[in-house]
Number of protein chains: 2
Amino acid sequence: MSDDEKIDEFGLIAEWLAPLADNPTAMRLSDDAAQLIVPDGQALVISTDMLVAGVHFPIDGDAALVARRMLACNISDLAAKGAKPYGCFLNLGVPENWDTAFLKDFVATLGAGLEKYDMQLWGGDTVRAAQGFAGLTVHGLLPEGEMLTRRGAHDGDDIYVTGTIGDGFLALPSLGAAYADPQPPIDFGQAVRCVATSAIDISDGLLADLEHICRASQGGMTIEADLIPLSADGRAHDNLQDLVTGGDDLQIAFTAPSAEADALRALAERHATKLSRIGSFKKGATPRVILQAADGRDIALDIGSDERGFRHF
Amino acid sequence: MSDDEKIDEFGLIAEWLAPLADNPTAMRLSDDAAQLIVPDGQALVISTDMLVAGVHFPIDGDAALVARRMLACNISDLAAKGAKPYGCFLNLGVPENWDTAFLKDFVATLGAGLEKYDMQLWGGDTVRAAQGFAGLTVHGLLPEGEMLTRRGAHDGDDIYVTGTIGDGFLALPSLGAAYADPQPPIDFGQAVRCVATSAIDISDGLLADLEHICRASQGGMTIEADLIPLSADGRAHDNLQDLVTGGDDLQIAFTAPSAEADALRALAERHATKLSRIGSFKKGATPRVILQAADGRDIALDIGSDERGFRHF
């Protein structure tokens with residue numbers, strides 16, 4: 001491809017992206033910056049996640065896969081904070097093998113995702129790169145001071161997870177839907193904000209992410225293995241350890257007082273969200289997760305605590 | 001380098017970055033997201049710029065160069081908007097040749113830059129990559145509705161630039177200070193916000209950037225070549241076209257009513273900023289820049305309008 005064709009390609013991206021940025025903050029990408037007015041009493045929740053070809057998606061992965069994973073990884077962080085998606089900035093590194101058709105498909109998939117999550121495009125930066133990368137910096141809204149964090153778990157709180165665990169791991173080799181098109185529970189995350197005491201999205205693996213809550217909330221967790229929700233594929237897989245350390249589920253794990261059990265069941269039903277209580281939190285205990293069998297015995301994992309989830313590097 | 005050493009490296013980055021994020025918004029990077037409260041009556045100005053090894057800096061460029069260029073490119077956008085730097089998110093793609101010493105130097109240079117610009121670190125994402133990249137998404141503050149844009153130039157407005165033009169171009173081959181450590185006029189940008197009618201930072205090249213204002217403000221510009229401020233190196237260079245199309249100056253160009261000339265001179269003096277009036281804006285004229293010699297004749301450039309500045313791809 002000649003340099004001229006490359007330039008045209010980037011002109012096309014800008015042309016295609018501008019209609020997605022038809023909002024007062026972005027002014028259709030007509031300037032170098034966006035001007036954002038935050039509604040009174042609201043705080044912004046901001047997070048960023050970047051995916052690199054050959055690290056987070058296959059080098060020859062198709063455009064829809066890249067766009068959906070990029071959106072889902074970022075939306076997942078907002079979901080776990082209880083924030084409503086508001087707007088985002090796109091950073092795109094475009095390698096040789098992303099041709100015009102790829103980019104058109106990427107923009108179309110991004111547009112559909114933004115519409116689905118009711119999120120605006122505010123700006124971004126597109127650069128030439130030898131290795132493809134795609135990232136967002138996402139901004140969500142919630143009432144001031146109400147962001148869910150990893151820190152607030154109380155002694156005796158129940159531990160819940162949405163969806164099923166391990167399907168991200170199982171879907172990765174075949175790029176199945178649980179990996180290629182994950183559905184973070186963004187509406188349920190906002191609904192649960194006033195009930196949950198701490199929360200995290202399951203991206204590194206259930207155990208690793210729960211241990212983040214343990215460390216931040218200064219306590220330990222006991223998880224009943226039989227209560228961990230599995231899909232049919234998960235039940236057919238003979239190694240639980242794979243499923244609870246595999247990562248990429250993009251579901252939410254959270255803690256809540258046991259008195260809220262009925263309220264949570266009602267919220268889950270209203271949002272058509274599968275919700276499972278899987279254990280409880282003990283304040284002051286060693287900050288780690290103990291996996292318990294039905295007979296009450298601890299399940300030993302043949303990995304160290306450091307390896308309980310996907311390390312990003 | 002083994003995988004274990006790589007993991008340690010990333011642990012170190014997080015450890016080194018956390019002290020730079022000692023603010024209520026970032027909570028020392030203890031969570032996946034930052035919670036930002038915007039002061040009443042203030043708007044956020046948001047922009048993002050990403051630099052890729054081999055495209056925007058040499059593959060073997062040192063850490064201080066990468067950190068300073070990344071900061072300056074992003075601060076420059078805020079300067080041209082009249083915004084005060086507030087906080088940022090860092091996206092880092094780390095290749096094999098960025099070893100621990102490199103990363104330590106990068107973080108130290110970033111820290112010094114953040115301190116200099118009074119900007120907080122709120123979060124980020126660090127990933128392994130074959131090709132290094134470094135970008136920020138920067139957030140600035142200004143009173144609601146007061147962001148400088150490219151659109152507001154009035155008929156008869158004077159055109160001004162800060163600093164000298166072409167030094168970015170001249171310094172690039174040797175990675176001299178004007179390229180490696182540019183100084184965007186961030187304080188002057190805020191001061192000039194209430195006086196200027198439109199503004200842009202000079203990143204693509206003086207002519208290309210002025211033409212962005214022409215198109216957005218729907219008018220043409222006449223620039224007097226003799227008034228373009230040059231450094232001693234610039235005066236010694238025998239090709240003006242190189243200097244006005246070379247890019248990377250990271251100064252500000254802006255328009256202002258001629259009645260503000262005295263006020264602007266006083267502001268420039270107060271902020272120790274070199275300020276030069278270089279021409280005037282005519283509303284309704286063909287949206288392009290005419291370069292005029294001292295004898296009033298147009299200076300023809302041997303490039304098309306499309307090539308009047310650095311294209312990022």
# chains A, B, ... in the order shown; residues from 1 in each chain; ligands from 1
$ closest_atom_pairs --of "chain B" --to "chain A" --cutoff "8 Å" --atoms "only C-alpha atoms" --output "Markdown table"
| residue | atom | partner | partner_atom | distance |
| --- | --- | --- | --- | --- |
| B:Lys6 | CA | A:Phe313 | CA | 7.2 |
| B:Ile7 | CA | A:Phe313 | CA | 6.3 |
| B:Phe10 | CA | A:Phe313 | CA | 7.5 |
| B:Ser30 | CA | A:Ala216 | CA | 8.0 |
| B:Asp31 | CA | A:Thr149 | CA | 6.8 |
| B:Asp32 | CA | A:Ser47 | CA | 6.6 |
| B:Ala33 | CA | A:Ser47 | CA | 4.6 |
| B:Ala34 | CA | A:Ile46 | CA | 5.2 |
| B:Gln35 | CA | A:Val45 | CA | 4.6 |
| B:Leu36 | CA | A:Leu44 | CA | 4.9 |
| B:Ile37 | CA | A:Ala43 | CA | 4.9 |
| B:Val38 | CA | A:Val38 | CA | 7.0 |
| B:Asp40 | CA | A:Asp40 | CA | 7.4 |
| B:Gln42 | CA | A:Ile37 | CA | 7.5 |
| B:Ala43 | CA | A:Ile37 | CA | 4.9 |
| B:Leu44 | CA | A:Leu36 | CA | 5.0 |
| B:Val45 | CA | A:Gln35 | CA | 4.6 |
| B:Ile46 | CA | A:Ala34 | CA | 5.2 |
| B:Ser47 | CA | A:Ala33 | CA | 4.6 |
| B:Thr48 | CA | A:Gly124 | CA | 5.8 |
| B:Asp49 | CA | A:Asp125 | CA | 5.8 |
| B:Met50 | CA | A:Asp125 | CA | 6.7 |
| B:Leu51 | CA | A:Val127 | CA | 8.0 |
| B:Val52 | CA | A:Ala129 | CA | 6.7 |
| B:Val55 | CA | A:Arg128 | CA | 7.3 |
| B:Asp77 | CA | A:Asp32 | CA | 6.7 |
| B:Leu78 | CA | A:Ala33 | CA | 7.9 |
| B:Lys81 | CA | A:Ala33 | CA | 7.9 |
| B:Phe89 | CA | A:Thr48 | CA | 7.4 |
| B:Asn91 | CA | A:Met50 | CA | 7.4 |
| B:Gly123 | CA | A:Ser47 | CA | 7.1 |
| B:Gly124 | CA | A:Thr48 | CA | 5.8 |
| B:Asp125 | CA | A:Asp49 | CA | 5.8 |
| B:Val127 | CA | A:Phe313 | CA | 6.2 |
| B:Arg128 | CA | A:Phe313 | CA | 5.5 |
| B:Ala129 | CA | A:Val52 | CA | 6.7 |
| B:Ala130 | CA | A:Gln131 | CA | 7.0 |
| B:Gln131 | CA | A:Gln131 | CA | 6.5 |
| B:Thr137 | CA | A:Thr137 | CA | 7.4 |
| B:Glu144 | CA | A:Ile37 | CA | 7.0 |
| B:Met147 | CA | A:Gln35 | CA | 7.0 |
| B:Thr149 | CA | A:Asp31 | CA | 6.8 |
| B:Arg150 | CA | A:Asp31 | CA | 6.8 |
| B:Ala216 | CA | A:Ser30 | CA | 7.9 |
| B:Arg311 | CA | A:Ile7 | CA | 7.9 |
| B:His312 | CA | A:Val127 | CA | 6.5 |
| B:Phe313 | CA | A:Arg128 | CA | 5.6 |
$ write_last_selection --atoms "N, CA and C atoms" --output "CSV table (one decimal), in the first residue's frame"
chain,number,residue,atom,x,y,z
B,6,LYS,N,10.4,-9.8,33.9
B,6,LYS,CA,9.5,-8.9,33.4
B,6,LYS,C,8.4,-8.5,34.3
B,7,ILE,N,7.9,-9.6,35.0
B,7,ILE,CA,6.8,-9.3,36.0
B,7,ILE,C,7.3,-8.4,37.1
B,10,PHE,N,7.3,-4.8,36.0
B,10,PHE,CA,6.0,-4.1,36.0
B,10,PHE,C,5.5,-3.8,37.4
B,30,SER,N,-4.9,2.5,43.8
B,30,SER,CA,-5.3,1.3,44.6
B,30,SER,C,-6.5,0.6,44.0
B,31,ASP,N,-7.1,1.2,43.0
B,31,ASP,CA,-8.3,0.6,42.4
B,31,ASP,C,-8.2,0.7,40.9
B,32,ASP,N,-9.2,0.1,40.2
B,32,ASP,CA,-9.1,0.1,38.7
B,32,ASP,C,-9.6,1.5,38.1
B,33,ALA,N,-10.0,2.4,38.9
B,33,ALA,CA,-10.6,3.6,38.3
B,33,ALA,C,-10.4,4.7,39.3
B,34,ALA,N,-10.4,5.9,38.8
B,34,ALA,CA,-10.3,7.1,39.6
B,34,ALA,C,-11.7,7.8,39.7
B,35,GLN,N,-11.9,8.4,40.8
B,35,GLN,CA,-13.2,9.1,41.0
B,35,GLN,C,-12.9,10.6,41.1
B,36,LEU,N,-13.4,11.4,40.1
B,36,LEU,CA,-13.1,12.8,40.0
B,36,LEU,C,-14.2,13.7,40.3
B,37,ILE,N,-14.0,14.6,41.2
B,37,ILE,CA,-15.1,15.6,41.4
B,37,ILE,C,-14.6,16.9,40.8
B,38,VAL,N,-15.4,17.5,39.9
B,38,VAL,CA,-15.0,18.7,39.2
B,38,VAL,C,-15.6,19.9,39.9
B,40,ASP,N,-17.4,23.2,41.1
B,40,ASP,CA,-18.5,23.9,40.6
B,40,ASP,C,-18.2,25.0,39.6
B,42,GLN,N,-16.7,24.8,36.8
B,42,GLN,CA,-15.6,24.5,36.0
B,42,GLN,C,-15.9,23.4,35.0
B,43,ALA,N,-15.4,23.5,33.8
B,43,ALA,CA,-15.5,22.4,32.8
B,43,ALA,C,-14.2,21.7,32.7
B,44,LEU,N,-14.2,20.5,32.2
B,44,LEU,CA,-13.0,19.7,31.9
B,44,LEU,C,-12.7,19.9,30.5
B,45,VAL,N,-11.4,20.1,30.2
B,45,VAL,CA,-10.9,20.0,28.8
B,45,VAL,C,-10.1,18.7,28.7
B,46,ILE,N,-10.4,17.9,27.8
B,46,ILE,CA,-9.8,16.6,27.7
B,46,ILE,C,-9.2,16.4,26.3
B,47,SER,N,-8.0,15.8,26.3
B,47,SER,CA,-7.3,15.6,25.1
B,47,SER,C,-6.4,14.4,25.2
B,48,THR,N,-6.0,13.7,24.1
B,48,THR,CA,-5.1,12.6,24.2
B,48,THR,C,-4.1,12.6,23.1
B,49,ASP,N,-2.9,12.2,23.4
B,49,ASP,CA,-1.9,12.2,22.4
B,49,ASP,C,-0.9,11.0,22.7
B,50,MET,N,-0.7,10.2,21.7
B,50,MET,CA,0.1,9.0,21.9
B,50,MET,C,1.3,9.0,21.0
B,51,LEU,N,2.5,8.6,21.5
B,51,LEU,CA,3.7,8.6,20.7
B,51,LEU,C,4.2,7.1,20.6
B,52,VAL,N,4.6,6.8,19.4
B,52,VAL,CA,5.0,5.4,19.1
B,52,VAL,C,6.5,5.4,18.7
B,55,VAL,N,8.1,6.1,15.1
B,55,VAL,CA,7.2,7.0,14.4
B,55,VAL,C,7.4,8.4,15.0
B,77,ASP,N,-1.7,20.9,23.9
B,77,ASP,CA,-3.1,20.9,23.6
B,77,ASP,C,-3.9,21.7,24.7
B,78,LEU,N,-3.6,21.5,25.9
B,78,LEU,CA,-4.2,22.2,27.0
B,78,LEU,C,-3.9,23.7,27.0
B,81,LYS,N,-5.9,25.6,24.6
B,81,LYS,CA,-7.3,25.7,25.0
B,81,LYS,C,-7.5,26.7,26.1
B,89,PHE,N,-4.2,10.3,32.7
B,89,PHE,CA,-4.0,8.8,32.6
B,89,PHE,C,-2.9,8.5,31.7
B,91,ASN,N,-0.9,5.7,29.4
B,91,ASN,CA,-0.9,4.4,28.7
B,91,ASN,C,0.5,4.1,28.2
B,123,GLY,N,-4.3,7.5,37.0
B,123,GLY,CA,-4.3,6.1,36.7
B,123,GLY,C,-3.7,5.8,35.3
B,124,GLY,N,-3.9,4.6,34.8
B,124,GLY,CA,-3.3,4.2,33.5
B,124,GLY,C,-3.4,2.8,33.3
B,125,ASP,N,-2.7,2.3,32.3
B,125,ASP,CA,-2.6,0.9,31.9
B,125,ASP,C,-1.2,0.7,31.3
B,127,VAL,N,1.2,-2.2,29.5
B,127,VAL,CA,1.1,-3.5,28.8
B,127,VAL,C,2.4,-3.8,28.1
B,128,ARG,N,2.6,-5.1,27.9
B,128,ARG,CA,3.8,-5.5,27.2
B,128,ARG,C,3.5,-5.3,25.7
B,129,ALA,N,4.5,-4.8,24.9
B,129,ALA,CA,4.3,-4.6,23.5
B,129,ALA,C,5.7,-4.8,22.8
B,130,ALA,N,5.6,-5.2,21.5
B,130,ALA,CA,6.8,-5.4,20.7
B,130,ALA,C,7.4,-4.0,20.4
B,131,GLN,N,6.5,-3.0,20.2
B,131,GLN,CA,6.9,-1.7,19.8
B,131,GLN,C,6.5,-0.8,20.9
B,137,THR,N,-3.9,10.7,28.5
B,137,THR,CA,-5.1,11.4,28.3
B,137,THR,C,-5.2,12.4,29.4
B,144,GLU,N,-16.6,27.1,32.9
B,144,GLU,CA,-17.6,26.5,31.9
B,144,GLU,C,-17.7,27.5,30.7
B,147,MET,N,-13.6,27.5,26.9
B,147,MET,CA,-12.5,26.9,26.2
B,147,MET,C,-12.2,27.6,24.9
B,149,THR,N,-11.3,27.7,21.1
B,149,THR,CA,-11.4,26.7,20.1
B,149,THR,C,-10.7,27.3,18.8
B,150,ARG,N,-10.9,26.6,17.7
B,150,ARG,CA,-10.4,27.1,16.4
B,150,ARG,C,-11.4,28.0,15.7
B,216,ALA,N,-12.1,26.4,10.4
B,216,ALA,CA,-13.1,26.4,11.5
B,216,ALA,C,-13.7,27.8,11.6
B,311,ARG,N,1.8,15.2,8.5
B,311,ARG,CA,0.7,14.3,8.6
B,311,ARG,C,1.1,13.2,9.6
B,312,HIS,N,0.2,12.8,10.5
B,312,HIS,CA,0.7,11.9,11.5
B,312,HIS,C,0.9,10.5,11.0
B,313,PHE,N,0.6,10.2,9.7
B,313,PHE,CA,0.7,8.9,9.3
B,313,PHE,C,1.4,8.8,7.9
$ residues_around --residues "range 194-197 of chain A" --least-positions-apart "4" --cutoff "10 Å" --atoms "only C-alpha atoms" --output "PyMOL selection string"
chain A and resi 82+146-154+157-160+189-190+217+253-257+260-261+263-264
$ write_last_selection --atoms "N, CA and C atoms" --output "tab-separated table (two decimals), in the first residue's frame"
chain	number	residue	atom	x	y	z
A	82	GLY	N	-20.16	0.80	39.59
A	82	GLY	CA	-21.54	1.28	39.70
A	82	GLY	C	-21.79	2.55	38.91
A	146	GLU	N	-20.13	8.11	45.68
A	146	GLU	CA	-20.80	6.80	45.69
A	146	GLU	C	-20.09	5.72	44.89
A	147	MET	N	-18.87	5.99	44.41
A	147	MET	CA	-18.17	4.96	43.63
A	147	MET	C	-17.91	3.72	44.48
A	148	LEU	N	-18.26	2.56	43.94
A	148	LEU	CA	-17.90	1.30	44.59
A	148	LEU	C	-16.39	1.10	44.46
A	149	THR	N	-15.76	0.70	45.55
A	149	THR	CA	-14.32	0.42	45.49
A	149	THR	C	-14.08	-1.00	46.00
A	150	ARG	N	-12.79	-1.33	46.14
A	150	ARG	CA	-12.43	-2.66	46.66
A	150	ARG	C	-12.40	-2.67	48.19
A	151	ARG	N	-12.59	-1.53	48.81
A	151	ARG	CA	-12.23	-1.39	50.22
A	151	ARG	C	-13.32	-1.60	51.25
A	152	GLY	N	-14.59	-1.58	50.85
A	152	GLY	CA	-15.63	-1.39	51.86
A	152	GLY	C	-16.24	-2.63	52.47
A	153	ALA	N	-15.71	-3.83	52.17
A	153	ALA	CA	-16.37	-5.05	52.67
A	153	ALA	C	-16.41	-5.07	54.20
A	154	HIS	N	-17.56	-5.48	54.76
A	154	HIS	CA	-17.76	-5.56	56.21
A	154	HIS	C	-17.69	-7.01	56.67
A	157	ASP	N	-20.11	-10.02	55.57
A	157	ASP	CA	-20.76	-9.78	54.28
A	157	ASP	C	-20.79	-11.05	53.43
A	158	ASP	N	-21.88	-11.20	52.68
A	158	ASP	CA	-21.92	-12.25	51.66
A	158	ASP	C	-21.10	-11.82	50.45
A	159	ILE	N	-20.62	-12.81	49.69
A	159	ILE	CA	-19.89	-12.54	48.44
A	159	ILE	C	-20.74	-13.06	47.29
A	160	TYR	N	-20.93	-12.21	46.29
A	160	TYR	CA	-21.75	-12.56	45.13
A	160	TYR	C	-20.94	-12.44	43.85
A	189	GLY	N	-24.74	-3.27	37.61
A	189	GLY	CA	-23.70	-2.60	38.39
A	189	GLY	C	-24.20	-1.30	39.00
A	190	GLN	N	-24.92	-0.53	38.22
A	190	GLN	CA	-25.47	0.72	38.74
A	190	GLN	C	-26.55	0.45	39.80
A	217	SER	N	-9.83	-4.50	51.63
A	217	SER	CA	-10.82	-4.46	52.72
A	217	SER	C	-10.29	-5.11	54.00
A	253	ALA	N	-17.83	-9.26	40.82
A	253	ALA	CA	-17.88	-9.88	42.15
A	253	ALA	C	-18.05	-8.75	43.15
A	254	PHE	N	-18.91	-8.96	44.15
A	254	PHE	CA	-19.11	-7.89	45.14
A	254	PHE	C	-19.50	-8.46	46.49
A	255	THR	N	-19.38	-7.64	47.49
A	255	THR	CA	-19.80	-8.03	48.84
A	255	THR	C	-21.01	-7.19	49.23
A	256	ALA	N	-21.87	-7.77	50.08
A	256	ALA	CA	-23.06	-7.05	50.56
A	256	ALA	C	-23.51	-7.68	51.87
A	257	PRO	N	-24.11	-6.90	52.77
A	257	PRO	CA	-24.60	-7.45	54.03
A	257	PRO	C	-25.65	-8.54	53.77
A	260	GLU	N	-29.30	-7.92	52.95
A	260	GLU	CA	-29.72	-7.41	51.64
A	260	GLU	C	-30.04	-8.53	50.65
A	261	ALA	N	-30.01	-9.77	51.11
A	261	ALA	CA	-30.16	-10.91	50.19
A	261	ALA	C	-31.44	-10.81	49.36
A	263	ALA	N	-33.29	-8.09	48.70
A	263	ALA	CA	-33.22	-6.94	47.82
A	263	ALA	C	-32.37	-7.26	46.59
A	264	LEU	N	-31.28	-7.98	46.81
A	264	LEU	CA	-30.39	-8.32	45.69
A	264	LEU	C	-31.05	-9.29	44.72
$ select_by_dssp --residues "range 250-312 of chain B" --states "helix (DSSP H, G or I)" --output "list in words"
Ser258, Ala259, Glu260, Ala261, Asp262, Ala263, Leu264, Arg265, Ala266, Leu267, Ala268, Glu269, Arg270, Ser305, Asp306 and Glu307 of chain B
$ select_by_dssp --residues "range 174-281 of chain B" --states "strand (DSSP E or B)" --output "list of chain:residue names"
B:Ser198, B:Ala199, B:Ile200, B:Asp201, B:Gly219, B:Gly220, B:Met221, B:Thr222, B:Ile223, B:Glu224, B:Ile252, B:Ala253, B:Phe254, B:Thr255, B:Ala256, B:Leu275, B:Ser276, B:Arg277, B:Ile278, B:Gly279, B:Ser280, B:Phe281
$ write_last_selection --atoms "C-alpha atoms" --output "short mmCIF file (atom, residue, chain, number, x, y, z; two decimals), in the first residue's frame"
data_model
loop_
_atom_site.label_atom_id
_atom_site.label_comp_id
_atom_site.auth_asym_id
_atom_site.auth_seq_id
_atom_site.Cartn_x
_atom_site.Cartn_y
_atom_site.Cartn_z
CA SER B 198 -9.40 31.39 18.57
CA ALA B 199 -6.24 29.39 19.20
CA ILE B 200 -4.33 26.26 18.23
CA ASP B 201 -1.04 24.70 19.22
CA GLY B 219 -11.87 33.02 6.69
CA GLY B 220 -8.39 33.53 5.29
CA MET B 221 -5.11 34.72 6.76
CA THR B 222 -2.33 36.90 5.45
CA ILE B 223 0.96 36.32 7.24
CA GLU B 224 3.87 38.74 6.82
CA ILE B 252 0.50 28.65 20.46
CA ALA B 253 -0.95 30.56 17.50
CA PHE B 254 -4.05 32.62 18.23
CA THR B 255 -6.22 35.45 16.98
CA ALA B 256 -7.28 38.53 18.95
CA LEU B 275 4.91 37.13 21.58
CA SER B 276 4.80 38.23 17.94
CA ARG B 277 2.02 39.60 15.78
CA ILE B 278 2.48 37.96 12.37
CA GLY B 279 -0.59 38.87 10.31
CA SER B 280 -4.35 39.29 10.20
CA PHE B 281 -7.54 37.31 9.62
#
$ atom_distance --atom1 "CA of Ala266 in chain B" --atom2 "CA of Leu71 in chain B"
28.1 Å
$ closest_residue --among "B:Leu121, B:Ala300, B:Ile13, B:Ile290" --to "Glu211 in chain B" --atoms "only C-alpha atoms"
B:Ile290
$ closest_residue --among "A:Leu20, A:Asp99, A:Leu301, A:Ser76" --to "Ala112 in chain A" --atoms "only C-alpha atoms"
A:Leu20
$ atom_distance --atom1 "CA of Ile75 in chain B" --atom2 "CA of Asn97 in chain B"
26.9 Å
$ residues_around --residues "Ala177 in chain B" --least-positions-apart "5" --cutoff "12 Å" --atoms "only C-alpha atoms" --output "mmCIF file with N, CA and C atoms, in the first residue's frame"
data_model
loop_
_atom_site.group_PDB
_atom_site.id
_atom_site.type_symbol
_atom_site.label_atom_id
_atom_site.label_comp_id
_atom_site.auth_asym_id
_atom_site.auth_seq_id
_atom_site.Cartn_x
_atom_site.Cartn_y
_atom_site.Cartn_z
ATOM 1 N N ALA B 64 14.036 9.892 29.081
ATOM 2 C CA ALA B 64 13.685 11.288 29.345
ATOM 3 C C ALA B 64 13.076 11.929 28.104
ATOM 4 N N LEU B 65 13.626 11.600 26.931
ATOM 5 C CA LEU B 65 13.075 12.120 25.677
ATOM 6 C C LEU B 65 11.618 11.688 25.515
ATOM 7 N N ARG B 68 9.347 13.403 28.151
ATOM 8 C CA ARG B 68 9.192 14.849 27.943
ATOM 9 C C ARG B 68 8.357 15.163 26.711
ATOM 10 N N ARG B 69 8.607 14.427 25.605
ATOM 11 C CA ARG B 69 7.802 14.653 24.399
ATOM 12 C C ARG B 69 6.349 14.291 24.668
ATOM 13 N N ASP B 167 11.976 25.851 15.233
ATOM 14 C CA ASP B 167 13.046 25.248 16.037
ATOM 15 C C ASP B 167 12.796 23.765 16.299
ATOM 16 N N GLY B 168 11.536 23.371 16.352
ATOM 17 C CA GLY B 168 11.223 21.948 16.481
ATOM 18 C C GLY B 168 11.782 21.195 15.284
ATOM 19 N N PHE B 169 11.533 21.727 14.091
ATOM 20 C CA PHE B 169 12.052 21.124 12.847
ATOM 21 C C PHE B 169 13.578 21.066 12.848
ATOM 22 N N LEU B 170 14.205 22.189 13.238
ATOM 23 C CA LEU B 170 15.672 22.246 13.195
ATOM 24 C C LEU B 170 16.311 21.326 14.229
ATOM 25 N N ALA B 171 15.627 21.162 15.367
ATOM 26 C CA ALA B 171 16.216 20.380 16.466
ATOM 27 C C ALA B 171 15.992 18.881 16.309
ATOM 28 N N LEU B 172 15.060 18.492 15.418
ATOM 29 C CA LEU B 172 14.706 17.076 15.313
ATOM 30 C C LEU B 172 15.908 16.172 14.999
ATOM 31 N N PRO B 182 10.503 20.430 24.723
ATOM 32 C CA PRO B 182 9.759 21.639 24.363
ATOM 33 C C PRO B 182 9.030 22.205 25.585
ATOM 34 N N GLN B 183 8.776 23.502 25.533
ATOM 35 C CA GLN B 183 8.175 24.190 26.677
ATOM 36 C C GLN B 183 6.880 24.873 26.235
ATOM 37 N N ASP B 248 6.052 20.467 15.232
ATOM 38 C CA ASP B 248 6.728 20.131 16.492
ATOM 39 C C ASP B 248 7.164 21.332 17.331
ATOM 40 N N ASP B 249 6.701 22.546 16.986
ATOM 41 C CA ASP B 249 7.122 23.700 17.784
ATOM 42 C C ASP B 249 6.461 23.726 19.162
#
